[in-house]
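Printed here is work13.pdb (PDB, C-alpha atoms):
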ATOM      1  CA  MET A   4       8.465  83.972  10.532
ATOM      2  CA  GLU A   5      11.077  84.286  13.242
ATOM      3  CA  ALA A   6      14.149  82.069  13.007
ATOM      4  CA  ARG A   7      15.295  80.128  16.034
ATOM      5  CA  ILE A   8      19.034  79.561  16.575
ATOM      6  CA  ARG A   9      20.252  76.254  18.045
ATOM      7  CA  HIS A  10      23.417  74.165  18.039
ATOM      8  CA  ALA A  11      24.096  72.246  14.840
ATOM      9  CA  ARG A  12      23.552  68.477  14.838
ATOM     10  CA  PRO A  13      25.093  65.826  12.557
ATOM     11  CA  SER A  14      21.591  65.176  11.219
ATOM     12  CA  ASP A  15      21.504  68.748   9.855
ATOM     13  CA  TYR A  16      24.321  68.050   7.439
ATOM     14  CA  GLY A  17      22.356  66.318   4.699
ATOM     15  CA  ARG A  18      19.841  69.071   4.095
ATOM     16  CA  ILE A  19      22.447  71.820   4.412
ATOM     17  CA  ILE A  20      24.923  70.301   1.969
ATOM     18  CA  GLY A  21      22.118  69.713  -0.505
ATOM     19  CA  ARG A  22      21.495  73.475  -0.613
ATOM     20  CA  VAL A  23      24.809  75.282  -0.276
ATOM     21  CA  ASN A  24      25.646  75.071  -3.974
ATOM     22  CA  VAL A  25      22.269  76.616  -4.796
ATOM     23  CA  TRP A  26      22.592  79.255  -2.077
ATOM     24  CA  TRP A  27      25.982  80.214  -3.518
ATOM     25  CA  GLY A  28      24.512  80.783  -6.965
ATOM     26  CA  GLY A  29      25.554  77.435  -8.428
ATOM     27  CA  ARG A  30      29.194  77.445  -7.293
ATOM     28  CA  GLU A  31      30.565  74.070  -6.166
ATOM     29  CA  MET A  32      30.852  74.768  -2.423
ATOM     30  CA  ALA A  33      30.287  71.280  -0.974
ATOM     31  CA  PRO A  34      33.990  70.230  -0.937
ATOM     32  CA  ALA A  35      34.702  73.083   1.470
ATOM     33  CA  LEU A  36      32.104  71.822   3.929
ATOM     34  CA  PRO A  37      32.635  68.158   4.764
ATOM     35  CA  GLN A  38      30.423  66.552   7.397
ATOM     36  CA  LEU A  39      33.223  66.674   9.981
ATOM     37  CA  PHE A  40      32.211  70.215  11.000
ATOM     38  CA  PHE A  41      28.808  68.907  12.121
ATOM     39  CA  LEU A  42      30.298  65.941  13.959
ATOM     40  CA  HIS A  43      33.312  67.371  15.733
ATOM     41  CA  PHE A  44      32.583  71.092  16.111
ATOM     42  CA  ASP A  45      28.843  71.174  16.779
ATOM     43  CA  GLY A  46      29.383  73.033  20.060
ATOM     44  CA  THR A  47      30.514  76.078  18.079
ATOM     45  CA  SER A  48      28.275  75.539  15.051
ATOM     46  CA  PHE A  49      24.688  76.740  14.791
ATOM     47  CA  VAL A  50      21.579  76.338  12.692
ATOM     48  CA  ALA A  51      18.769  78.869  12.214
ATOM     49  CA  GLU A  52      15.376  77.418  11.431
ATOM     50  CA  ASP A  53      11.758  78.479  11.255
ATOM     51  CA  GLU A  54       9.145  77.338  13.730
ATOM     52  CA  ASP A  55       8.170  74.678  11.198
ATOM     53  CA  GLY A  56      11.752  73.413  11.023
ATOM     54  CA  GLU A  57      12.592  74.944   7.641
ATOM     55  CA  LEU A  58      16.307  75.751   7.330
ATOM     56  CA  ALA A  59      17.033  79.497   7.303
ATOM     57  CA  GLY A  60      20.809  79.534   7.807
ATOM     58  CA  PHE A  61      23.825  77.977   9.516
ATOM     59  CA  LEU A  62      27.290  78.782  10.844
ATOM     60  CA  CYS A  63      30.254  76.387  11.277
ATOM     61  CA  GLY A  64      33.046  77.471  13.581
ATOM     62  CA  PHE A  65      35.565  75.995  16.003
ATOM     63  CA  LEU A  66      37.979  76.817  18.779
ATOM     64  CA  SER A  67      41.564  77.153  17.581
ATOM     65  CA  GLN A  68      43.684  74.284  18.929
ATOM     66  CA  THR A  69      46.882  76.306  18.363
ATOM     67  CA  ARG A  70      45.924  79.773  19.607
ATOM     68  CA  GLU A  71      44.246  79.372  22.975
ATOM     69  CA  ASP A  72      42.558  82.767  22.899
ATOM     70  CA  GLU A  73      41.083  82.385  19.412
ATOM     71  CA  ALA A  74      37.973  81.020  17.741
ATOM     72  CA  TYR A  75      37.447  80.741  13.992
ATOM     73  CA  ILE A  76      34.370  80.927  11.763
ATOM     74  CA  HIS A  77      34.754  78.694   8.721
ATOM     75  CA  PHE A  78      31.482  78.758   6.812
ATOM     76  CA  VAL A  79      28.227  80.701   7.087
ATOM     77  CA  GLY A  80      25.158  80.563   4.887
ATOM     78  CA  VAL A  81      21.728  82.182   4.929
ATOM     79  CA  SER A  82      18.894  81.116   2.655
ATOM     80  CA  PRO A  83      18.490  83.638  -0.191
ATOM     81  CA  GLN A  84      14.801  83.918   0.776
ATOM     82  CA  ARG A  85      15.735  84.972   4.308
ATOM     83  CA  ARG A  86      18.471  87.536   3.721
ATOM     84  CA  GLY A  87      18.184  90.983   5.267
ATOM     85  CA  GLU A  88      16.355  89.714   8.355
ATOM     86  CA  GLY A  89      19.358  89.667  10.685
ATOM     87  CA  ILE A  90      19.739  85.879  10.682
ATOM     88  CA  GLY A  91      23.454  86.087   9.840
ATOM     89  CA  ARG A  92      23.988  88.532  12.683
ATOM     90  CA  SER A  93      22.110  86.263  15.113
ATOM     91  CA  LEU A  94      24.267  83.285  14.096
ATOM     92  CA  TYR A  95      27.472  85.281  14.632
ATOM     93  CA  ASP A  96      26.166  86.629  17.967
ATOM     94  CA  GLN A  97      25.548  83.078  19.198
ATOM     95  CA  PHE A  98      29.048  82.103  18.119
ATOM     96  CA  PHE A  99      30.527  85.106  19.973
ATOM     97  CA  VAL A 100      28.638  84.122  23.143
ATOM     98  CA  GLU A 101      29.899  80.538  22.926
ATOM     99  CA  ALA A 102      33.472  81.591  22.108
ATOM    100  CA  ARG A 103      33.526  83.951  25.107
ATOM    101  CA  LYS A 104      32.136  81.182  27.319
ATOM    102  CA  GLN A 105      35.038  79.001  26.166
ATOM    103  CA  GLY A 106      37.560  81.691  27.133
ATOM    104  CA  ARG A 107      38.248  83.036  23.644
ATOM    105  CA  SER A 108      38.863  86.782  23.216
ATOM    106  CA  THR A 109      39.485  86.912  19.455
ATOM    107  CA  VAL A 110      37.427  85.681  16.512
ATOM    108  CA  ARG A 111      38.883  85.377  13.038
ATOM    109  CA  CYS A 112      37.444  84.558   9.657
ATOM    110  CA  VAL A 113      38.274  85.165   6.011
ATOM    111  CA  THR A 114      36.257  86.350   3.043
ATOM    112  CA  SER A 115      36.788  87.089  -0.630
ATOM    113  CA  PRO A 116      38.223  90.597  -1.208
ATOM    114  CA  ALA A 117      35.731  90.876  -4.109
ATOM    115  CA  ASN A 118      32.680  90.181  -1.910
ATOM    116  CA  GLN A 119      31.632  93.704  -0.905
ATOM    117  CA  ASP A 120      28.421  92.480   0.763
ATOM    118  CA  SER A 121      30.405  90.151   2.999
ATOM    119  CA  ILE A 122      32.952  92.852   3.846
ATOM    120  CA  SER A 123      30.193  95.326   4.789
ATOM    121  CA  PHE A 124      28.432  92.656   6.848
ATOM    122  CA  HIS A 125      31.583  91.852   8.814
ATOM    123  CA  ASN A 126      32.361  95.555   9.339
ATOM    124  CA  ALA A 127      28.879  96.043  10.786
ATOM    125  CA  LEU A 128      29.540  93.162  13.192
ATOM    126  CA  GLY A 129      32.737  94.799  14.453
ATOM    127  CA  PHE A 130      35.326  92.899  12.435
ATOM    128  CA  ASP A 131      38.460  94.806  11.366
ATOM    129  CA  VAL A 132      40.425  94.049   8.209
ATOM    130  CA  GLU A 133      43.903  92.772   8.997
ATOM    131  CA  ARG A 134      45.081  92.516   5.407
ATOM    132  CA  VAL A 135      44.373  90.986   2.019
ATOM    133  CA  ALA A 136      46.515  87.884   1.513
ATOM    134  CA  LYS A 137      47.314  86.733  -2.005
ATOM    135  CA  ASP A 138      46.794  83.012  -2.742
ATOM    136  CA  TYR A 139      45.789  82.555   0.910
ATOM    137  CA  ASP A 140      43.624  79.470   0.333
ATOM    138  CA  GLY A 141      45.455  78.191  -2.738
ATOM    139  CA  PRO A 142      46.538  79.541  -6.123
ATOM    140  CA  GLY A 143      44.233  82.379  -7.174
ATOM    141  CA  GLU A 144      42.305  82.198  -3.879
ATOM    142  CA  ASP A 145      43.034  85.601  -2.331
ATOM    143  CA  ARG A 146      41.378  86.249   1.028
ATOM    144  CA  MET A 147      40.645  89.255   3.195
ATOM    145  CA  LEU A 148      41.623  88.369   6.777
ATOM    146  CA  LEU A 149      39.164  89.659   9.369
ATOM    147  CA  VAL A 150      39.466  89.864  13.145
ATOM    148  CA  LYS A 151      37.169  90.852  15.986
ATOM    149  CA  ARG A 152      38.082  91.264  19.642
ATOM    150  CA  LEU A 153      35.348  90.015  21.949
TER
ATOM    151  CA  MET B   1      66.654  59.800   1.232
ATOM    152  CA  GLU B   2      64.996  59.433   4.613
ATOM    153  CA  ALA B   3      62.006  61.625   5.355
ATOM    154  CA  ARG B   4      61.844  63.506   8.634
ATOM    155  CA  ILE B   5      58.447  64.051  10.298
ATOM    156  CA  ARG B   6      57.768  67.324  12.126
ATOM    157  CA  HIS B   7      54.736  69.407  13.112
ATOM    158  CA  ALA B   8      53.126  71.374  10.290
ATOM    159  CA  ARG B   9      53.642  75.131  10.180
ATOM    160  CA  PRO B  10      51.474  77.818   8.522
ATOM    161  CA  SER B  11      54.415  78.494   6.204
ATOM    162  CA  ASP B  12      54.077  74.937   4.829
ATOM    163  CA  TYR B  13      50.665  75.674   3.383
ATOM    164  CA  GLY B  14      51.717  77.471   0.207
ATOM    165  CA  ARG B  15      53.906  74.711  -1.170
ATOM    166  CA  ILE B  16      51.512  71.952  -0.130
ATOM    167  CA  ILE B  17      48.416  73.508  -1.693
ATOM    168  CA  GLY B  18      50.365  74.150  -4.879
ATOM    169  CA  ARG B  19      50.901  70.402  -5.220
ATOM    170  CA  VAL B  20      47.840  68.585  -3.930
ATOM    171  CA  ASN B  21      45.906  68.857  -7.182
ATOM    172  CA  VAL B  22      48.873  67.315  -9.023
ATOM    173  CA  TRP B  23      49.376  64.631  -6.358
ATOM    174  CA  TRP B  24      45.701  63.683  -6.723
ATOM    175  CA  GLY B  25      46.056  63.181 -10.460
ATOM    176  CA  GLY B  26      44.646  66.551 -11.492
ATOM    177  CA  ARG B  27      41.520  66.505  -9.300
ATOM    178  CA  GLU B  28      40.562  69.850  -7.741
ATOM    179  CA  MET B  29      41.449  69.103  -4.108
ATOM    180  CA  ALA B  30      42.415  72.567  -2.853
ATOM    181  CA  PRO B  31      38.892  73.601  -1.681
ATOM    182  CA  ALA B  32      38.953  70.697   0.796
ATOM    183  CA  LEU B  33      42.178  71.930   2.351
ATOM    184  CA  PRO B  34      41.939  75.583   3.375
ATOM    185  CA  GLN B  35      44.848  77.157   5.230
ATOM    186  CA  LEU B  36      42.964  76.990   8.530
ATOM    187  CA  PHE B  37      44.218  73.446   9.153
ATOM    188  CA  PHE B  38      47.801  74.723   9.203
ATOM    189  CA  LEU B  39      46.952  77.673  11.454
ATOM    190  CA  HIS B  40      44.618  76.210  14.037
ATOM    191  CA  PHE B  41      45.431  72.488  14.128
ATOM    192  CA  ASP B  42      49.184  72.401  13.611
ATOM    193  CA  GLY B  43      49.686  70.496  16.881
ATOM    194  CA  THR B  44      47.979  67.484  15.291
ATOM    195  CA  SER B  45      49.202  68.063  11.734
ATOM    196  CA  PHE B  46      52.522  66.875  10.364
ATOM    197  CA  VAL B  47      54.851  67.325   7.426
ATOM    198  CA  ALA B  48      57.373  64.800   6.065
ATOM    199  CA  GLU B  49      60.357  66.286   4.314
ATOM    200  CA  ASP B  50      63.757  65.230   3.012
ATOM    201  CA  GLU B  51      67.006  66.351   4.591
ATOM    202  CA  ASP B  52      67.167  69.040   1.914
ATOM    203  CA  GLY B  53      63.702  70.294   2.880
ATOM    204  CA  GLU B  54      61.861  68.825  -0.119
ATOM    205  CA  LEU B  55      58.227  67.997   0.713
ATOM    206  CA  ALA B  56      57.531  64.251   0.853
ATOM    207  CA  GLY B  57      54.077  64.197   2.491
ATOM    208  CA  PHE B  58      51.749  65.716   5.050
ATOM    209  CA  LEU B  59      48.835  64.892   7.370
ATOM    210  CA  CYS B  60      46.161  67.260   8.724
ATOM    211  CA  GLY B  61      44.206  66.144  11.754
ATOM    212  CA  PHE B  62      42.546  67.571  14.844
ATOM    213  CA  LEU B  63      41.080  66.700  18.210
ATOM    214  CA  SER B  64      37.305  66.385  18.164
ATOM    215  CA  GLN B  65      35.693  69.222  20.132
ATOM    216  CA  THR B  66      32.491  67.221  20.552
ATOM    217  CA  ARG B  67      33.760  63.722  21.381
ATOM    218  CA  GLU B  68      36.384  64.082  24.084
ATOM    219  CA  ASP B  69      37.947  60.701  23.439
ATOM    220  CA  GLU B  70      38.311  61.124  19.664
ATOM    221  CA  ALA B  71      40.772  62.515  17.167
ATOM    222  CA  TYR B  72      40.126  62.865  13.433
ATOM    223  CA  ILE B  73      42.372  62.713  10.378
ATOM    224  CA  HIS B  74      41.078  64.996   7.628
ATOM    225  CA  PHE B  75      43.621  64.953   4.811
ATOM    226  CA  VAL B  76      46.797  63.023   4.047
ATOM    227  CA  GLY B  77      49.046  63.210   1.021
ATOM    228  CA  VAL B  78      52.327  61.585  -0.009
ATOM    229  CA  SER B  79      54.340  62.704  -3.030
ATOM    230  CA  PRO B  80      53.842  60.229  -5.915
ATOM    231  CA  GLN B  81      57.662  59.929  -6.101
ATOM    232  CA  ARG B  82      57.835  58.830  -2.462
ATOM    233  CA  ARG B  83      55.048  56.264  -2.231
ATOM    234  CA  GLY B  84      55.790  52.796  -0.896
ATOM    235  CA  GLU B  85      58.480  54.019   1.502
ATOM    236  CA  GLY B  86      56.331  54.035   4.635
ATOM    237  CA  ILE B  87      55.972  57.823   4.795
ATOM    238  CA  GLY B  88      52.188  57.620   5.125
ATOM    239  CA  ARG B  89      52.542  55.124   7.966
ATOM    240  CA  SER B  90      55.058  57.377   9.740
ATOM    241  CA  LEU B  91      52.708  60.338   9.473
ATOM    242  CA  TYR B  92      49.824  58.319  10.937
ATOM    243  CA  ASP B  93      52.065  56.952  13.696
ATOM    244  CA  GLN B  94      53.042  60.476  14.729
ATOM    245  CA  PHE B  95      49.386  61.442  14.785
ATOM    246  CA  PHE B  96      48.529  58.420  16.959
ATOM    247  CA  VAL B  97      51.300  59.370  19.416
ATOM    248  CA  GLU B  98      50.044  62.947  19.650
ATOM    249  CA  ALA B  99      46.381  61.909  19.939
ATOM    250  CA  ARG B 100      47.236  59.498  22.777
ATOM    251  CA  LYS B 101      49.247  62.232  24.491
ATOM    252  CA  GLN B 102      46.124  64.436  24.316
ATOM    253  CA  GLY B 103      44.017  61.733  25.968
ATOM    254  CA  ARG B 104      42.296  60.408  22.859
ATOM    255  CA  SER B 105      41.566  56.697  22.568
ATOM    256  CA  THR B 106      39.826  56.622  19.171
ATOM    257  CA  VAL B 107      40.901  57.879  15.757
ATOM    258  CA  ARG B 108      38.453  58.245  12.896
ATOM    259  CA  CYS B 109      38.804  59.122   9.247
ATOM    260  CA  VAL B 110      36.892  58.555   6.019
ATOM    261  CA  THR B 111      37.912  57.428   2.567
ATOM    262  CA  SER B 112      36.282  56.747  -0.769
ATOM    263  CA  PRO B 113      34.737  53.238  -0.964
ATOM    264  CA  ALA B 114      36.224  53.033  -4.485
ATOM    265  CA  ASN B 115      39.797  53.684  -3.307
ATOM    266  CA  GLN B 116      41.112  50.160  -2.746
ATOM    267  CA  ASP B 117      44.682  51.370  -2.088
ATOM    268  CA  SER B 118      43.485  53.637   0.676
ATOM    269  CA  ILE B 119      41.294  50.922   2.202
ATOM    270  CA  SER B 120      44.204  48.437   2.229
ATOM    271  CA  PHE B 121      46.513  51.067   3.706
ATOM    272  CA  HIS B 122      44.112  51.829   6.549
ATOM    273  CA  ASN B 123      43.535  48.129   7.222
ATOM    274  CA  ALA B 124      47.289  47.641   7.544
ATOM    275  CA  LEU B 125      47.386  50.475  10.083
ATOM    276  CA  GLY B 126      44.731  48.806  12.228
ATOM    277  CA  PHE B 127      41.641  50.717  11.130
ATOM    278  CA  ASP B 128      38.329  48.853  11.025
ATOM    279  CA  VAL B 129      35.500  49.618   8.639
ATOM    280  CA  GLU B 130      32.436  50.903  10.463
ATOM    281  CA  ARG B 131      30.216  51.215   7.401
ATOM    282  CA  VAL B 132      29.877  52.791   3.990
ATOM    283  CA  ALA B 133      27.686  55.889   4.200
ATOM    284  CA  LYS B 134      25.847  57.089   1.111
ATOM    285  CA  ASP B 135      26.147  60.835   0.315
ATOM    286  CA  TYR B 136      28.201  61.223   3.501
ATOM    287  CA  ASP B 137      30.084  64.327   2.342
ATOM    288  CA  GLY B 138      27.416  65.640  -0.011
ATOM    289  CA  PRO B 139      25.349  64.352  -2.933
ATOM    290  CA  GLY B 140      27.216  61.528  -4.661
ATOM    291  CA  GLU B 141      30.056  61.666  -2.121
ATOM    292  CA  ASP B 142      29.837  58.244  -0.475
ATOM    293  CA  ARG B 143      32.424  57.536   2.217
ATOM    294  CA  MET B 144      33.788  54.504   4.008
ATOM    295  CA  LEU B 145      33.939  55.334   7.727
ATOM    296  CA  LEU B 146      37.073  54.015   9.422
ATOM    297  CA  VAL B 147      37.917  53.743  13.096
ATOM    298  CA  LYS B 148      40.978  52.720  15.091
ATOM    299  CA  ARG B 149      41.209  52.257  18.845
ATOM    300  CA  LEU B 150      44.529  53.478  20.234
TER
END

Any chance you could put this one into structure tokens?
Amino acid sequence: MEARIRHARPSDYGRIIGRVNVWWGGREMAPALPQLFFLHFDGTSFVAEDEDGELAGFLCGFLSQTREDEAYIHFVGVSPQRRGEGIGRSLYDQFFVEARKQGRSTVRCVTSPANQDSISFHNALGFDVERVAKDYDGPGEDRMLLVKRL
Amino acid sequence: MEARIRHARPSDYGRIIGRVNVWWGGREMAPALPQLFFLHFDGTSFVAEDEDGELAGFLCGFLSQTREDEAYIHFVGVSPQRRGEGIGRSLYDQFFVEARKQGRSTVRCVTSPANQDSISFHNALGFDVERVAKDYDGPGEDRMLLVKRL
């Protein structure tokens, strides 16, 4: 079934947050995704759903308020049942379109240096690795910093 | 020693994230405060420090990108050794000044309905309770929604 991409809505939050821990293999991910992203950044956040409204994936991003040429992707998830169908790519593509429309020429995000699937995915989307930063998101939370020019 | 309030800088992140878990009595708070707030919202985020540069507190906030008249406070912390000195109030006041300067007339934030100290603090700063929302930030994460008109 083809997934449709649309802007996120605050009403999406409940069903998304109820699933992210499961989608991430049981890790406690909810604290990293408070509802604020669906309330205050819905213009740059997107949901993928089936024709019957079943959630297939989502992306939360925002426009940097410090760097006027930058946009940032904070959190992306695709249902384990829907991986490999290009839904992640479609979500990123929609974000790129919106970021460009808002005058942004650079998109940044971070991922775990141990997550080879994520690194390959971002490479395929045209992201370059800037560097791996130790303790970037707290003690023991190393991150690979990724950048794409639009 | 008097605390000085200034804008947050990305270089503040490391020492802040190393302390928040301790400041919150051992709770795992770091996932809720990724470095992005210090990189992309530093214009609306503030640090309080002593004359000798010792960290006394911080506030991370941003301008809503959906609601043009709103600003949002995401995370505030004051060193347990420096509570009761008005540092939290000074941090909020600086945020209110900046939000007003950016054309915002409403400030929102959320707190735990069980945190009586936080509720009293926000009342004293002129916040009103909108409602208590069940599972607001995920399953079991009820929140009291607070609003202040500037």

So that I can check the surroundings of Leu59 in chain B, please list as a compact mmCIF listing (two decimals) with C-alpha atoms, in the coordinates of the input every protein, DNA and RNA residue that reaches within 7 Å of it, counting all atoms listed in the file and ignoring chain neighbours fewer than 3 positions away.
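Output (selection_18.txt):
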# COMPACT_ATOMS: atom_id res chain seq x y z
CA SER B 45 49.20 68.06 11.73
CA PHE B 46 52.52 66.88 10.36
CA VAL B 47 54.85 67.32 7.43
CA PHE B 75 43.62 64.95 4.81
CA VAL B 76 46.80 63.02 4.05
CA GLY B 77 49.05 63.21 1.02
CA LEU B 91 52.71 60.34 9.47

Spatial neighbours of range 132-138 of chain B, max dist 12 Å, all atoms listed in the file, sep filter under 3 positions, as a PyMOL selection string: (chain A and resi 13-24+31-42) or (chain B and resi 32+110-114+119+128-129+141-146)

How big is the axis-aligned box, and where does its centre sit, when it encloses all atoms of range 62-70 of chain A listed in the file and has 3 Å added on every side, reported in Å to one decimal as AutoDock Vina command-line options?
--center_x 37.1 --center_y 77.0 --center_z 15.2 --size_x 25.6 --size_y 11.5 --size_z 14.8

As a short mmCIF file (atom, residue, chain, number, x, y, z; two decimals) with C-alpha atoms, keeping the file's coordinate frame, please: chain A after a least-squares superposition onto chain B using all C-alpha atoms matched in order.
data_model
loop_
_atom_site.label_atom_id
_atom_site.label_comp_id
_atom_site.auth_asym_id
_atom_site.auth_seq_id
_atom_site.Cartn_x
_atom_site.Cartn_y
_atom_site.Cartn_z
CA MET A 4 66.67 59.76 1.26
CA GLU A 5 65.01 59.40 4.63
CA ALA A 6 62.01 61.61 5.37
CA ARG A 7 61.85 63.50 8.64
CA ILE A 8 58.45 64.05 10.30
CA ARG A 9 57.75 67.33 12.12
CA HIS A 10 54.74 69.41 13.11
CA ALA A 11 53.12 71.38 10.30
CA ARG A 12 53.65 75.15 10.19
CA PRO A 13 51.49 77.83 8.53
CA SER A 14 54.42 78.51 6.20
CA ASP A 15 54.08 74.96 4.82
CA TYR A 16 50.66 75.68 3.39
CA GLY A 17 51.70 77.46 0.20
CA ARG A 18 53.91 74.73 -1.18
CA ILE A 19 51.51 71.97 -0.13
CA ILE A 20 48.41 73.52 -1.67
CA GLY A 21 50.33 74.15 -4.88
CA ARG A 22 50.89 70.39 -5.23
CA VAL A 23 47.83 68.57 -3.92
CA ASN A 24 45.90 68.83 -7.19
CA VAL A 25 48.87 67.31 -9.02
CA TRP A 26 49.38 64.63 -6.37
CA TRP A 27 45.71 63.68 -6.73
CA GLY A 28 46.06 63.17 -10.47
CA GLY A 29 44.63 66.54 -11.49
CA ARG A 30 41.51 66.50 -9.30
CA GLU A 31 40.55 69.86 -7.76
CA MET A 32 41.42 69.10 -4.12
CA ALA A 33 42.41 72.57 -2.86
CA PRO A 34 38.89 73.61 -1.68
CA ALA A 35 38.94 70.72 0.79
CA LEU A 36 42.17 71.95 2.36
CA PRO A 37 41.93 75.60 3.37
CA GLN A 38 44.84 77.17 5.23
CA LEU A 39 42.96 77.00 8.54
CA PHE A 40 44.23 73.45 9.15
CA PHE A 41 47.81 74.74 9.20
CA LEU A 42 46.96 77.68 11.45
CA HIS A 43 44.63 76.21 14.04
CA PHE A 44 45.43 72.49 14.12
CA ASP A 45 49.19 72.41 13.61
CA GLY A 46 49.68 70.50 16.87
CA THR A 47 47.99 67.48 15.28
CA SER A 48 49.20 68.07 11.73
CA PHE A 49 52.53 66.88 10.37
CA VAL A 50 54.85 67.32 7.43
CA ALA A 51 57.38 64.81 6.08
CA GLU A 52 60.38 66.28 4.32
CA ASP A 53 63.77 65.23 3.03
CA GLU A 54 67.01 66.34 4.61
CA ASP A 55 67.17 69.04 1.94
CA GLY A 56 63.71 70.30 2.89
CA GLU A 57 61.88 68.82 -0.10
CA LEU A 58 58.24 68.01 0.72
CA ALA A 59 57.53 64.26 0.86
CA GLY A 60 54.09 64.20 2.49
CA PHE A 61 51.74 65.73 5.06
CA LEU A 62 48.85 64.89 7.37
CA CYS A 63 46.16 67.27 8.72
CA GLY A 64 44.20 66.15 11.75
CA PHE A 65 42.54 67.58 14.85
CA LEU A 66 41.09 66.71 18.21
CA SER A 67 37.31 66.38 18.16
CA GLN A 68 35.71 69.23 20.14
CA THR A 69 32.48 67.21 20.54
CA ARG A 70 33.77 63.72 21.38
CA GLU A 71 36.39 64.08 24.08
CA ASP A 72 37.97 60.69 23.44
CA GLU A 73 38.31 61.13 19.68
CA ALA A 74 40.77 62.52 17.16
CA TYR A 75 40.13 62.86 13.43
CA ILE A 76 42.38 62.72 10.37
CA HIS A 77 41.09 65.00 7.62
CA PHE A 78 43.63 64.97 4.81
CA VAL A 79 46.80 63.03 4.05
CA GLY A 80 49.06 63.21 1.02
CA VAL A 81 52.33 61.60 -0.01
CA SER A 82 54.34 62.71 -3.02
CA PRO A 83 53.85 60.23 -5.89
CA GLN A 84 57.66 59.94 -6.10
CA ARG A 85 57.85 58.83 -2.47
CA ARG A 86 55.06 56.27 -2.23
CA GLY A 87 55.79 52.80 -0.90
CA GLU A 88 58.48 54.03 1.50
CA GLY A 89 56.33 54.03 4.63
CA ILE A 90 55.97 57.82 4.81
CA GLY A 91 52.18 57.62 5.13
CA ARG A 92 52.53 55.13 7.97
CA SER A 93 55.06 57.36 9.74
CA LEU A 94 52.71 60.35 9.48
CA TYR A 95 49.81 58.34 10.93
CA ASP A 96 52.07 56.94 13.69
CA GLN A 97 53.04 60.48 14.73
CA PHE A 98 49.38 61.46 14.78
CA PHE A 99 48.53 58.42 16.95
CA VAL A 100 51.30 59.36 19.41
CA GLU A 101 50.04 62.95 19.64
CA ALA A 102 46.39 61.90 19.94
CA ARG A 103 47.24 59.49 22.77
CA LYS A 104 49.25 62.23 24.50
CA GLN A 105 46.14 64.42 24.32
CA GLY A 106 44.02 61.71 25.97
CA ARG A 107 42.30 60.42 22.83
CA SER A 108 41.58 56.68 22.56
CA THR A 109 39.84 56.60 19.16
CA VAL A 110 40.90 57.88 15.75
CA ARG A 111 38.46 58.24 12.89
CA CYS A 112 38.80 59.11 9.25
CA VAL A 113 36.90 58.56 6.02
CA THR A 114 37.91 57.42 2.56
CA SER A 115 36.28 56.74 -0.79
CA PRO A 116 34.73 53.24 -0.95
CA ALA A 117 36.22 53.01 -4.48
CA ASN A 118 39.80 53.68 -3.31
CA GLN A 119 41.10 50.14 -2.72
CA ASP A 120 44.67 51.35 -2.09
CA SER A 121 43.46 53.64 0.68
CA ILE A 122 41.29 50.92 2.22
CA SER A 123 44.20 48.44 2.24
CA PHE A 124 46.51 51.08 3.70
CA HIS A 125 44.11 51.85 6.55
CA ASN A 126 43.52 48.13 7.23
CA ALA A 127 47.28 47.63 7.54
CA LEU A 128 47.39 50.47 10.07
CA GLY A 129 44.72 48.81 12.22
CA PHE A 130 41.65 50.73 11.12
CA ASP A 131 38.33 48.84 11.03
CA VAL A 132 35.50 49.64 8.63
CA GLU A 133 32.43 50.89 10.46
CA ARG A 134 30.21 51.20 7.41
CA VAL A 135 29.86 52.78 3.99
CA ALA A 136 27.67 55.89 4.21
CA LYS A 137 25.84 57.09 1.12
CA ASP A 138 26.12 60.82 0.31
CA TYR A 139 28.19 61.23 3.49
CA ASP A 140 30.08 64.32 2.33
CA GLY A 141 27.41 65.65 -0.02
CA PRO A 142 25.34 64.34 -2.93
CA GLY A 143 27.21 61.53 -4.68
CA GLU A 144 30.05 61.66 -2.13
CA ASP A 145 29.82 58.24 -0.48
CA ARG A 146 32.42 57.54 2.20
CA MET A 147 33.77 54.50 4.00
CA LEU A 148 33.93 55.33 7.72
CA LEU A 149 37.06 54.01 9.42
CA VAL A 150 37.93 53.75 13.10
CA LYS A 151 40.98 52.72 15.09
CA ARG A 152 41.22 52.25 18.85
CA LEU A 153 44.53 53.47 20.23
#

Within 12 Å of (16.6, 79.7, 7.9), in the coordinates the file gives, what residues turn up when you count all atoms listed in the file, written out as a PyMOL selection string? chain A and resi 4-9+18-19+22+26+49-62+79-91+93-94

Could you name the residues that touch Phe127 in chain B at 10 Å or less, counting all atoms listed in the file, but leaving out those on the same chain fewer than 6 positions away, as an MDAnalysis selection string? chainID B and resid 107:109 119:121 145:150

Would you work out the distance separating CA of Phe41 in chain B from CA of Asp120 in chain A, expressed in Å to one decimal? 29.5 Å

If I take CA of Glu101 in chain A and CA of Ile73 in chain B, how far is one from the other in Å, to one decimal? 25.1 Å
